[in-house]
$ cat model.tsv   # TSV, C-alpha atoms and all ligand atoms
chain	number	residue	atom	x	y	z
A	20	MET	CA	10.32	14.18	17.26
A	21	SER	CA	14.01	13.63	16.49
A	22	ASP	CA	15.25	12.84	13.02
A	23	ASN	CA	16.08	9.39	14.16
A	24	LEU	CA	12.50	8.69	15.16
A	25	THR	CA	10.90	10.18	12.06
A	26	SER	CA	13.23	8.24	9.78
A	27	LYS	CA	12.19	5.03	11.54
A	28	TYR	CA	8.43	5.37	11.54
A	29	ILE	CA	7.91	1.82	10.34
A	30	GLU	CA	10.69	-0.57	11.37
A	31	ILE	CA	10.97	-4.04	9.96
A	32	GLN	CA	13.64	-6.00	11.80
A	33	GLY	CA	14.96	-9.40	10.79
A	34	VAL	CA	11.58	-10.57	9.56
A	35	GLU	CA	11.06	-14.11	8.37
A	36	GLN	CA	7.77	-15.58	7.23
A	37	THR	CA	7.47	-19.33	6.92
A	38	PHE	CA	4.16	-20.90	5.98
A	39	LYS	CA	3.07	-24.37	6.96
A	40	THR	CA	2.03	-26.20	3.81
A	41	LYS	CA	1.00	-29.77	3.16
A	42	ASN	CA	4.47	-30.32	1.68
A	43	GLY	CA	6.16	-29.00	4.80
A	44	PRO	CA	7.31	-25.51	5.79
A	45	PHE	CA	7.72	-22.93	3.03
A	46	CYS	CA	9.95	-19.94	3.76
A	47	ALA	CA	8.53	-17.00	1.78
A	48	LEU	CA	10.57	-14.15	3.32
A	49	GLN	CA	13.87	-14.19	5.17
A	50	ASN	CA	15.96	-11.56	6.92
A	51	VAL	CA	13.90	-8.58	5.78
A	52	ASN	CA	15.12	-5.29	7.28
A	53	LEU	CA	13.57	-1.98	6.31
A	54	ASN	CA	12.86	1.45	7.77
A	55	VAL	CA	10.18	3.73	6.39
A	56	ALA	CA	10.19	7.39	7.36
A	57	LYS	CA	7.09	9.36	8.25
A	58	GLY	CA	5.49	10.77	5.11
A	59	GLU	CA	7.60	8.60	2.85
A	60	PHE	CA	6.15	6.87	-0.22
A	61	VAL	CA	7.69	3.42	-0.52
A	62	THR	CA	6.93	0.85	-3.19
A	63	LEU	CA	7.71	-2.85	-2.99
A	64	ILE	CA	8.57	-4.34	-6.36
A	65	GLY	CA	9.54	-7.83	-7.40
A	66	HIS	CA	8.47	-10.73	-9.57
A	67	SER	CA	5.13	-12.40	-9.06
A	68	GLY	CA	5.17	-14.73	-6.04
A	69	CYS	CA	8.30	-13.22	-4.45
A	70	GLY	CA	6.54	-12.17	-1.26
A	71	LYS	CA	5.32	-8.59	-1.76
A	72	SER	CA	1.81	-9.27	-0.44
A	73	THR	CA	3.26	-11.36	2.37
A	74	LEU	CA	5.33	-8.36	3.51
A	75	LEU	CA	2.42	-5.93	3.15
A	76	ASN	CA	0.14	-8.24	5.14
A	77	LEU	CA	2.74	-8.30	7.91
A	78	ILE	CA	2.79	-4.49	8.06
A	79	ALA	CA	-1.02	-4.51	8.03
A	80	GLY	CA	-0.90	-6.90	11.00
A	81	LEU	CA	-3.06	-9.41	9.15
A	82	THR	CA	-0.33	-11.98	9.83
A	83	THR	CA	2.52	-12.21	12.31
A	84	PRO	CA	6.11	-13.06	11.36
A	85	THR	CA	7.69	-16.37	12.30
A	86	GLN	CA	10.88	-14.45	13.21
A	87	GLY	CA	11.72	-10.81	13.81
A	88	ALA	CA	9.53	-7.83	14.58
A	89	LEU	CA	7.59	-5.02	12.94
A	90	LEU	CA	7.08	-1.68	14.67
A	91	LEU	CA	5.02	1.40	13.92
A	92	ASN	CA	6.04	4.52	15.80
A	93	ASN	CA	8.02	2.39	18.28
A	94	ARG	CA	5.12	0.07	18.99
A	95	GLU	CA	5.05	-3.54	17.89
A	96	ILE	CA	2.44	-4.25	15.22
A	97	ALA	CA	0.36	-6.93	16.90
A	98	GLY	CA	-2.73	-7.03	14.69
A	99	PRO	CA	-4.74	-4.97	12.22
A	100	GLY	CA	-5.74	-1.45	13.24
A	101	PRO	CA	-7.42	1.61	11.72
A	102	GLU	CA	-4.11	3.52	11.78
A	103	ARG	CA	-3.01	1.17	8.96
A	104	ALA	CA	-5.65	1.17	6.21
A	105	VAL	CA	-5.32	-1.33	3.38
A	106	VAL	CA	-6.41	-0.98	-0.26
A	107	PHE	CA	-6.47	-4.26	-2.19
A	108	GLN	CA	-6.39	-4.88	-5.92
A	109	ASN	CA	-9.99	-5.99	-5.96
A	110	HIS	CA	-11.59	-3.03	-4.20
A	111	SER	CA	-13.44	-5.36	-1.73
A	112	LEU	CA	-16.49	-3.10	-1.56
A	113	LEU	CA	-19.76	-4.49	-0.26
A	114	PRO	CA	-21.92	-4.82	-3.40
A	115	TRP	CA	-25.26	-4.21	-1.67
A	116	LEU	CA	-24.16	-0.84	-0.25
A	117	THR	CA	-23.81	2.45	-2.14
A	118	CYS	CA	-20.42	4.14	-2.51
A	119	TYR	CA	-21.41	6.49	0.30
A	120	GLU	CA	-22.47	3.64	2.59
A	121	ASN	CA	-19.31	1.65	1.89
A	122	ILE	CA	-17.22	4.58	3.13
A	123	TYR	CA	-19.59	5.53	5.96
A	124	LEU	CA	-19.34	2.00	7.37
A	125	GLY	CA	-15.59	2.35	7.92
A	126	VAL	CA	-15.88	5.93	9.18
A	127	GLU	CA	-18.54	4.90	11.70
A	128	ARG	CA	-16.44	2.00	12.93
A	129	VAL	CA	-13.38	4.20	13.50
A	130	PHE	CA	-14.91	7.48	14.68
A	131	GLY	CA	-18.49	6.57	15.67
A	132	ALA	CA	-17.56	4.34	18.57
A	133	GLY	CA	-15.08	6.75	20.15
A	134	ASP	CA	-11.73	5.61	21.48
A	135	LYS	CA	-11.90	4.78	25.16
A	136	ASN	CA	-8.14	4.26	25.37
A	137	ALA	CA	-7.34	7.64	23.84
A	138	GLY	CA	-10.26	9.28	25.67
A	139	ALA	CA	-11.78	10.36	22.34
A	140	PRO	CA	-15.59	10.73	22.38
A	141	SER	CA	-17.76	9.17	19.69
A	142	GLU	CA	-18.52	11.63	16.92
A	143	SER	CA	-21.99	12.85	15.93
A	144	LYS	CA	-23.76	11.51	12.83
A	145	ILE	CA	-23.32	14.93	11.21
A	146	LYS	CA	-19.55	14.76	11.68
A	147	LEU	CA	-19.44	11.19	10.33
A	148	LYS	CA	-21.42	12.32	7.27
A	149	GLU	CA	-18.98	15.22	6.79
A	150	ARG	CA	-16.04	12.82	6.86
A	151	THR	CA	-17.72	10.53	4.32
A	152	ASP	CA	-18.61	13.41	1.99
A	153	ALA	CA	-15.07	14.80	2.23
A	154	ALA	CA	-13.55	11.42	1.35
A	155	LEU	CA	-15.83	11.07	-1.68
A	156	ALA	CA	-14.92	14.60	-2.79
A	157	LEU	CA	-11.20	13.88	-2.37
A	158	VAL	CA	-11.39	11.15	-5.03
A	159	GLY	CA	-13.82	13.13	-7.21
A	160	LEU	CA	-16.79	10.84	-6.64
A	161	SER	CA	-19.35	13.09	-4.97
A	162	ALA	CA	-21.73	12.62	-7.89
A	163	ALA	CA	-21.59	8.82	-7.61
A	164	ALA	CA	-22.33	8.71	-3.87
A	165	SER	CA	-25.63	6.86	-4.23
A	166	LYS	CA	-24.45	4.36	-6.86
A	167	ARG	CA	-23.70	0.74	-5.99
A	168	PRO	CA	-20.36	-0.91	-6.97
A	169	GLY	CA	-22.12	-2.83	-9.77
A	170	GLU	CA	-23.12	0.46	-11.39
A	171	ILE	CA	-19.65	2.06	-11.62
A	172	SER	CA	-16.42	1.39	-13.54
A	173	GLY	CA	-13.37	-0.45	-12.22
A	174	GLY	CA	-11.47	2.80	-11.81
A	175	MET	CA	-14.31	4.32	-9.79
A	176	LYS	CA	-14.45	1.23	-7.56
A	177	GLN	CA	-10.75	1.59	-6.78
A	178	ARG	CA	-11.32	5.27	-6.03
A	179	VAL	CA	-14.03	4.31	-3.52
A	180	GLY	CA	-11.60	1.83	-1.95
A	181	ILE	CA	-8.98	4.57	-1.63
A	182	ALA	CA	-11.57	7.01	-0.26
A	183	ARG	CA	-12.70	4.44	2.30
A	184	ALA	CA	-9.11	3.92	3.42
A	185	LEU	CA	-8.29	7.66	3.58
A	186	ALA	CA	-11.53	8.48	5.41
A	187	MET	CA	-10.18	6.57	8.41
A	188	GLU	CA	-7.31	9.09	8.55
A	189	PRO	CA	-4.78	6.29	8.71
A	190	LYS	CA	-1.21	6.95	9.77
A	191	VAL	CA	-0.12	4.54	7.09
A	192	LEU	CA	-1.79	3.73	3.79
A	193	LEU	CA	-1.02	0.21	2.60
A	194	MET	CA	-1.84	-0.65	-0.99
A	195	ASP	CA	-1.50	-4.02	-2.71
A	196	GLU	CA	-1.36	-3.48	-6.48
A	197	PRO	CA	-4.31	-1.08	-6.22
A	198	PHE	CA	-4.28	-0.25	-9.93
A	199	GLY	CA	-3.23	-3.70	-11.19
A	200	ALA	CA	-6.62	-4.59	-12.66
A	201	LEU	CA	-7.16	-1.29	-14.49
A	202	ASP	CA	-6.52	-0.33	-18.12
A	203	ALA	CA	-3.44	1.81	-18.79
A	204	LEU	CA	-5.23	5.15	-19.12
A	205	THR	CA	-7.35	4.74	-15.99
A	206	ARG	CA	-4.27	3.56	-14.18
A	207	ALA	CA	-2.32	6.67	-15.16
A	208	LYS	CA	-5.19	8.89	-14.07
A	209	LEU	CA	-5.43	7.22	-10.67
A	210	GLN	CA	-1.66	7.41	-10.18
A	211	ASP	CA	-1.83	11.16	-10.79
A	212	GLU	CA	-4.77	11.48	-8.40
A	213	LEU	CA	-2.91	9.49	-5.76
A	214	LEU	CA	0.10	11.80	-6.13
A	215	SER	CA	-2.06	14.88	-5.49
A	216	ILE	CA	-3.91	13.26	-2.59
A	217	VAL	CA	-0.68	12.23	-0.88
A	218	ALA	CA	0.75	15.73	-1.44
A	219	LEU	CA	-2.30	16.99	0.44
A	220	THR	CA	-2.51	14.41	3.24
A	221	HIS	CA	1.26	13.76	3.70
A	222	SER	CA	0.38	10.09	4.25
A	223	THR	CA	3.04	7.48	4.76
A	224	VAL	CA	2.43	4.95	1.99
A	225	VAL	CA	3.69	1.43	1.38
A	226	MET	CA	2.48	0.19	-1.98
A	227	VAL	CA	3.04	-3.09	-3.78
A	228	THR	CA	3.48	-2.90	-7.53
A	229	HIS	CA	5.08	-4.83	-10.33
A	230	ASP	CA	5.01	-1.85	-12.66
A	231	VAL	CA	8.41	-0.15	-13.04
A	232	ASP	CA	7.03	3.19	-14.29
A	233	GLU	CA	4.48	3.30	-11.50
A	234	ALA	CA	7.22	2.67	-8.94
A	235	VAL	CA	9.51	5.45	-10.24
A	236	LEU	CA	6.69	7.96	-10.69
A	237	LEU	CA	5.26	7.56	-7.19
A	238	SER	CA	8.11	6.57	-4.89
A	239	ASP	CA	10.61	8.19	-2.63
A	240	LYS	CA	12.11	4.75	-2.20
A	241	ILE	CA	11.78	1.60	-4.30
A	242	VAL	CA	12.36	-1.60	-2.34
A	243	MET	CA	13.37	-4.38	-4.71
A	244	LEU	CA	12.74	-7.92	-3.56
A	245	THR	CA	14.73	-10.95	-4.71
A	246	ASN	CA	12.94	-14.01	-6.02
A	247	GLY	CA	11.60	-16.50	-3.52
A	248	PRO	CA	11.67	-18.82	-1.77
A	249	ALA	CA	13.35	-17.08	1.16
A	250	ALA	CA	13.05	-13.75	-0.65
A	251	THR	CA	14.70	-10.73	0.86
A	252	ILE	CA	15.44	-7.12	-0.02
A	253	GLY	CA	17.96	-7.15	-2.87
A	254	ASP	CA	18.37	-3.42	-3.23
A	255	ILE	CA	16.76	-0.12	-2.30
A	256	LEU	CA	16.65	2.73	-4.79
A	257	THR	CA	16.12	6.27	-3.53
A	258	VAL	CA	14.18	8.26	-6.12
A	259	ASP	CA	15.33	11.83	-5.80
A	260	LEU	CA	12.99	13.50	-8.29
A	261	PRO	CA	11.35	16.77	-7.22
A	262	ARG	CA	7.62	16.89	-6.49
A	263	PRO	CA	5.07	17.60	-7.77
A	264	ARG	CA	5.92	15.08	-10.46
A	265	ASP	CA	4.50	15.34	-13.91
A	266	ARG	CA	4.49	12.18	-16.02
A	267	ILE	CA	4.83	14.05	-19.33
A	268	ALA	CA	7.85	16.07	-18.20
A	269	LEU	CA	9.41	13.00	-16.56
A	270	ALA	CA	9.18	11.01	-19.78
A	271	LYS	CA	11.95	13.26	-21.14
A	272	ASN	CA	13.93	13.44	-17.89
A	273	ALA	CA	17.32	11.67	-18.01
A	274	GLN	CA	17.36	10.99	-14.28
A	275	TYR	CA	13.92	9.36	-14.51
A	276	ALA	CA	15.26	7.12	-17.29
A	277	ASN	CA	18.23	6.16	-15.09
A	278	TYR	CA	16.00	5.15	-12.18
A	279	ARG	CA	13.77	3.20	-14.52
A	280	GLN	CA	16.79	1.40	-15.99
A	281	ALA	CA	18.12	0.55	-12.52
A	282	VAL	CA	14.85	-1.18	-11.58
A	283	ILE	CA	14.66	-2.98	-14.93
A	284	ASP	CA	18.26	-4.18	-14.51
A	285	PHE	CA	17.45	-5.51	-11.07
A	286	LEU	CA	14.30	-7.31	-12.20
A	287	TYR	CA	15.36	-8.66	-15.56
A	288	THR	CA	19.12	-9.14	-15.23
A	289	ARG	CA	19.90	-9.67	-11.58
A	290	GLN	CA	16.62	-11.37	-10.67
A	291	LYS	CA	15.81	-13.07	-13.94
A	292	HIS	CA	12.49	-14.73	-13.31
A	293	VAL	CA	12.61	-18.46	-12.83
A	294	GLU	CA	9.19	-20.03	-13.32
A	295	LYS	CA	8.44	-22.18	-10.34
A	296	ALA	CA	7.28	-25.74	-10.71
A	297	ALA	CA	4.78	-25.19	-7.89
A	301	LIG	N1	-0.81	-18.61	3.36
A	301	LIG	C1	0.15	-19.13	2.60
A	301	LIG	N2	0.50	-20.42	2.71
A	301	LIG	C2	1.49	-20.95	1.96
A	301	LIG	N3	2.23	-20.27	1.06
A	301	LIG	C3	1.92	-18.98	0.90
A	301	LIG	C4	0.88	-18.33	1.64
A	301	LIG	N4	0.82	-17.04	1.26
A	301	LIG	C5	1.77	-16.87	0.32
A	301	LIG	N5	2.45	-18.03	0.09
A	301	LIG	C6	3.57	-18.22	-0.82
A	301	LIG	O1	4.55	-17.26	-0.50
A	301	LIG	C7	5.14	-16.74	-1.69
A	301	LIG	C8	4.93	-15.24	-1.74
A	301	LIG	O2	3.55	-14.95	-1.98
A	301	LIG	P1	3.00	-13.48	-2.17
A	301	LIG	O3	3.46	-12.66	-1.04
A	301	LIG	O4	1.54	-13.58	-2.39
A	301	LIG	O5	3.73	-13.02	-3.51
A	301	LIG	P2	3.56	-11.68	-4.38
A	301	LIG	O6	2.56	-10.82	-3.69
A	301	LIG	O7	4.92	-11.10	-4.46
A	301	LIG	O8	3.10	-12.11	-5.73
A	301	LIG	C9	4.51	-17.49	-2.85
A	301	LIG	O9	5.35	-18.57	-3.20
A	301	LIG	C10	3.20	-17.98	-2.27
A	301	LIG	O10	2.79	-19.17	-2.91
A	302	MG	MG	0.67	-10.14	-4.32

$ encode --input "model.tsv" --output "structure tokens" --more "lines below"
Ligand SMILES: Nc1ncnc2c1ncn2[C@@H]1O[C@H](COP(=O)(O)OP(=O)(O)O)[C@@H](O)[C@H]1O
Ligand SMILES: [Mg+2]
Amino acid sequence: MSDNLTSKYIEIQGVEQTFKTKNGPFCALQNVNLNVAKGEFVTLIGHSGCGKSTLLNLIAGLTTPTQGALLLNNREIAGPGPERAVVFQNHSLLPWLTCYENIYLGVERVFGAGDKNAGAPSESKIKLKERTDAALALVGLSAAASKRPGEISGGMKQRVGIARALAMEPKVLLMDEPFGALDALTRAKLQDELLSIVALTHSTVVMVTHDVDEAVLLSDKIVMLTNGPAATIGDILTVDLPRPRDRIALAKNAQYANYRQAVIDFLYTRQKHVEKAA
């Protein structure tokens, strides 16, 4: 694959998203242009209500844009697909299934039915079990396999959500504030775990956050959105910090502080939040 192709793994071209509301059309996003390279970790940051989830849902194919186009690997994104797994803030696990079963369900759907188009045969139950066990092990939850979501902590639930997404071997991992509902310590732990998992899987990740430190710690590129309506990309910051990244060492790193300051300046000076009447 040429450099040109790998640097344009996800292409977002002139995207606009206008919603029909009872008060007439509401333009959430306008003229959004972005390329994400293969294996890149990109975060979307911006004030609440600016359109981060709207953009992520477009990449997930859960919605289609009113203008423009989104492509993955040169193919238009026309709907949701297992090559783009999504992790939401509220884990969205099925409460009546165990952690194991929640992951197995997704694994079975993706690998158990085979892929007639790609000529891939359906996998055996043993292979599906192996995939499920491996995903649980990846997030350190092998011991909790037979527990139900109601019996585990918030951090563990998010880990199951991440395991479920990764078990599908997605080309792209899409995450919408996956750690937003967690306490600071659990959040830090999961960020570190995510860093090691991504180092292992080389996944392409697009993650929504409103946490500046989270964005700098995790990202290769921080995409900063302007305030809505008609939000767009205000600036893109390339985070050129070596990996593996260690939060303790980075806390004393001058370059880290500069990146952090650049995002804070964007959010709190250039895009001072205006509370909407709506
Ligand atoms: N389905 C919808 N219909 C109408 N307006 C919507 C819809 N989804 C989102 N919006 C509006 O679009 C804007 C962006 O929303 P969202 O992407 O959820 O913001 P963020 O994730 O950045 O907090 C908000 O003003 C929100 O009210
Ligand atoms: Mg959101």

$ closest_residue --input "model.tsv" --among "A:Leu112, A:Ile96, A:Val106, A:Ile216" --to "A:Val158" --atoms "all atoms listed in the file"
A:Ile216

$ closest_atom_pairs --input "model.tsv" --of "chain A" --to "ligand LIG 301 (chain A)" --cutoff "12 Å" --atoms "all atoms listed in the file" --output "Markdown table"
| residue | atom | partner | partner_atom | distance |
| --- | --- | --- | --- | --- |
| A:Glu35 | CA | A:LIG301 | O1 | 11.4 |
| A:Gln36 | CA | A:LIG301 | O1 | 8.5 |
| A:Thr37 | CA | A:LIG301 | N3 | 7.9 |
| A:Phe38 | CA | A:LIG301 | C2 | 4.8 |
| A:Lys39 | CA | A:LIG301 | C2 | 6.3 |
| A:Thr40 | CA | A:LIG301 | C2 | 5.6 |
| A:Lys41 | CA | A:LIG301 | C2 | 8.9 |
| A:Asn42 | CA | A:LIG301 | C2 | 9.8 |
| A:Gly43 | CA | A:LIG301 | C2 | 9.7 |
| A:Pro44 | CA | A:LIG301 | C2 | 8.3 |
| A:Phe45 | CA | A:LIG301 | N3 | 6.4 |
| A:Cys46 | CA | A:LIG301 | O1 | 7.4 |
| A:Ala47 | CA | A:LIG301 | O1 | 4.6 |
| A:Leu48 | CA | A:LIG301 | C8 | 7.7 |
| A:Gln49 | CA | A:LIG301 | O1 | 11.3 |
| A:Leu63 | CA | A:LIG301 | O7 | 8.8 |
| A:Ile64 | CA | A:LIG301 | O7 | 7.9 |
| A:Gly65 | CA | A:LIG301 | O7 | 6.4 |
| A:His66 | CA | A:LIG301 | O7 | 6.2 |
| A:Ser67 | CA | A:LIG301 | O8 | 3.9 |
| A:Gly68 | CA | A:LIG301 | O8 | 3.4 |
| A:Cys69 | CA | A:LIG301 | O7 | 4.0 |
| A:Gly70 | CA | A:LIG301 | O3 | 3.1 |
| A:Lys71 | CA | A:LIG301 | O7 | 3.7 |
| A:Ser72 | CA | A:LIG301 | O6 | 3.7 |
| A:Thr73 | CA | A:LIG301 | O3 | 3.7 |
| A:Leu74 | CA | A:LIG301 | O3 | 6.5 |
| A:Leu75 | CA | A:LIG301 | O3 | 8.0 |
| A:Asn76 | CA | A:LIG301 | O3 | 8.3 |
| A:Leu77 | CA | A:LIG301 | O3 | 10.0 |
| A:Leu81 | CA | A:LIG301 | N1 | 11.1 |
| A:Thr82 | CA | A:LIG301 | N1 | 9.3 |
| A:Thr83 | CA | A:LIG301 | N1 | 11.5 |
| A:Pro84 | CA | A:LIG301 | N1 | 11.9 |
| A:Phe107 | CA | A:LIG301 | O6 | 11.3 |
| A:Gln108 | CA | A:LIG301 | O6 | 11.0 |
| A:Met194 | CA | A:LIG301 | O6 | 11.4 |
| A:Asp195 | CA | A:LIG301 | O6 | 8.0 |
| A:Glu196 | CA | A:LIG301 | O6 | 8.8 |
| A:Gly199 | CA | A:LIG301 | O6 | 11.9 |
| A:Met226 | CA | A:LIG301 | O6 | 11.1 |
| A:Val227 | CA | A:LIG301 | O6 | 7.7 |
| A:Thr228 | CA | A:LIG301 | O6 | 8.8 |
| A:His229 | CA | A:LIG301 | O7 | 8.6 |
| A:Met243 | CA | A:LIG301 | O7 | 10.8 |
| A:Leu244 | CA | A:LIG301 | O7 | 8.5 |
| A:Thr245 | CA | A:LIG301 | O7 | 9.8 |
| A:Asn246 | CA | A:LIG301 | O7 | 8.7 |
| A:Gly247 | CA | A:LIG301 | O9 | 6.6 |
| A:Pro248 | CA | A:LIG301 | O9 | 6.5 |
| A:Ala249 | CA | A:LIG301 | C7 | 8.7 |
| A:Ala250 | CA | A:LIG301 | C8 | 8.3 |
| A:Thr251 | CA | A:LIG301 | C8 | 11.1 |
| A:Glu294 | CA | A:LIG301 | O9 | 10.9 |
| A:Lys295 | CA | A:LIG301 | O9 | 8.6 |
| A:Ala296 | CA | A:LIG301 | O9 | 10.6 |
| A:Ala297 | CA | A:LIG301 | O10 | 8.1 |

$ atom_distance --input "model.tsv" --atom1 "atom CA of A:Ala56" --atom2 "atom CA of A:Ala218"
15.4 Å

$ closest_residue --input "model.tsv" --among "A:Ile283, A:Ala234, A:Ala268, A:Ile31" --to "A:Gln210" --atoms "all atoms listed in the file"
A:Ala234

$ closest_residue --input "model.tsv" --among "A:Asp152, A:Ala207, A:Ala162, A:Pro197" --to "ligand MG 302 (chain A)" --atoms "only C-alpha atoms and all ligand atoms"
A:Pro197

$ closest_residue --input "model.tsv" --among "A:Lys148, A:Pro101, A:Ile122, A:Asn109" --to "ligand MG 302 (chain A)" --atoms "all atoms listed in the file"
A:Asn109

$ residues_around --input "model.tsv" --residues "A:Val129" --least-positions-apart "2" --cutoff "10 Å" --atoms "all atoms listed in the file" --output "list in words"
Gly100, Pro101, Glu102, Tyr123, Leu124, Gly125, Val126, Glu127, Gly131, Ala132, Gly133, Asp134, Ser141, Glu142, Leu147, Ala186, Met187 and Glu188 of chain A

$ axis_aligned_box --input "model.tsv" --around "stretch 168-178 of chain A" --padding-each-side "8 Å" --output "lines of an AutoDock Vina configuration file"
center_x = -16.9
center_y = 1.2
center_z = -9.8
size_x = 28.4
size_y = 24.1
size_z = 23.5

$ residues_around --input "model.tsv" --residues "A:Ala182" --least-positions-apart "5" --cutoff "9 Å" --atoms "all atoms listed in the file" --output "ChimeraX atom specification"
/A:122,151,153-158,177,187

$ closest_residue --input "model.tsv" --among "A:Gly58, A:Ala273, A:Ala88, A:Gln290" --to "A:Val217" --atoms "only C-alpha atoms"
A:Gly58

$ build_atoms --input "model.tsv" --residues "stretch 47-64 of chain A" --atoms "N, CA and C atoms" --output "mmCIF file, in the frame of the given file"
data_model
loop_
_atom_site.group_PDB
_atom_site.id
_atom_site.type_symbol
_atom_site.label_atom_id
_atom_site.label_comp_id
_atom_site.auth_asym_id
_atom_site.auth_seq_id
_atom_site.Cartn_x
_atom_site.Cartn_y
_atom_site.Cartn_z
ATOM 1 N N ALA A 47 8.820 -17.996 2.821
ATOM 2 C CA ALA A 47 8.530 -17.000 1.780
ATOM 3 C C ALA A 47 9.504 -15.817 1.899
ATOM 4 N N LEU A 48 9.692 -15.313 3.107
ATOM 5 C CA LEU A 48 10.570 -14.150 3.320
ATOM 6 C C LEU A 48 11.617 -14.493 4.378
ATOM 7 N N GLN A 49 12.811 -13.954 4.194
ATOM 8 C CA GLN A 49 13.870 -14.190 5.170
ATOM 9 C C GLN A 49 14.699 -12.929 5.354
ATOM 10 N N ASN A 50 15.051 -12.664 6.594
ATOM 11 C CA ASN A 50 15.960 -11.560 6.920
ATOM 12 C C ASN A 50 15.599 -10.243 6.223
ATOM 13 N N VAL A 51 14.350 -9.841 6.374
ATOM 14 C CA VAL A 51 13.900 -8.580 5.780
ATOM 15 C C VAL A 51 14.077 -7.454 6.804
ATOM 16 N N ASN A 52 14.862 -6.456 6.427
ATOM 17 C CA ASN A 52 15.120 -5.290 7.280
ATOM 18 C C ASN A 52 14.823 -4.027 6.496
ATOM 19 N N LEU A 53 13.954 -3.179 7.042
ATOM 20 C CA LEU A 53 13.570 -1.980 6.310
ATOM 21 C C LEU A 53 13.060 -0.917 7.276
ATOM 22 N N ASN A 54 13.448 0.329 7.034
ATOM 23 C CA ASN A 54 12.860 1.450 7.770
ATOM 24 C C ASN A 54 12.125 2.341 6.795
ATOM 25 N N VAL A 55 10.946 2.783 7.201
ATOM 26 C CA VAL A 55 10.180 3.730 6.390
ATOM 27 C C VAL A 55 9.985 4.982 7.221
ATOM 28 N N ALA A 56 10.320 6.130 6.632
ATOM 29 C CA ALA A 56 10.190 7.390 7.360
ATOM 30 C C ALA A 56 8.756 7.893 7.297
ATOM 31 N N LYS A 57 8.413 8.744 8.237
ATOM 32 C CA LYS A 57 7.090 9.360 8.250
ATOM 33 C C LYS A 57 6.901 10.196 6.987
ATOM 34 N N GLY A 58 5.779 10.003 6.308
ATOM 35 C CA GLY A 58 5.490 10.770 5.110
ATOM 36 C C GLY A 58 6.177 10.255 3.850
ATOM 37 N N GLU A 59 6.877 9.149 3.995
ATOM 38 C CA GLU A 59 7.600 8.600 2.850
ATOM 39 C C GLU A 59 6.658 7.738 1.995
ATOM 40 N N PHE A 60 6.906 7.730 0.690
ATOM 41 C CA PHE A 60 6.150 6.870 -0.220
ATOM 42 C C PHE A 60 7.090 5.768 -0.691
ATOM 43 N N VAL A 61 6.804 4.551 -0.222
ATOM 44 C CA VAL A 61 7.690 3.420 -0.520
ATOM 45 C C VAL A 61 6.929 2.403 -1.361
ATOM 46 N N THR A 62 7.554 1.945 -2.446
ATOM 47 C CA THR A 62 6.930 0.850 -3.190
ATOM 48 C C THR A 62 7.767 -0.414 -3.011
ATOM 49 N N LEU A 63 7.069 -1.545 -3.012
ATOM 50 C CA LEU A 63 7.710 -2.850 -2.990
ATOM 51 C C LEU A 63 7.542 -3.438 -4.373
ATOM 52 N N ILE A 64 8.655 -3.788 -5.008
ATOM 53 C CA ILE A 64 8.570 -4.340 -6.360
ATOM 54 C C ILE A 64 9.337 -5.646 -6.420
#
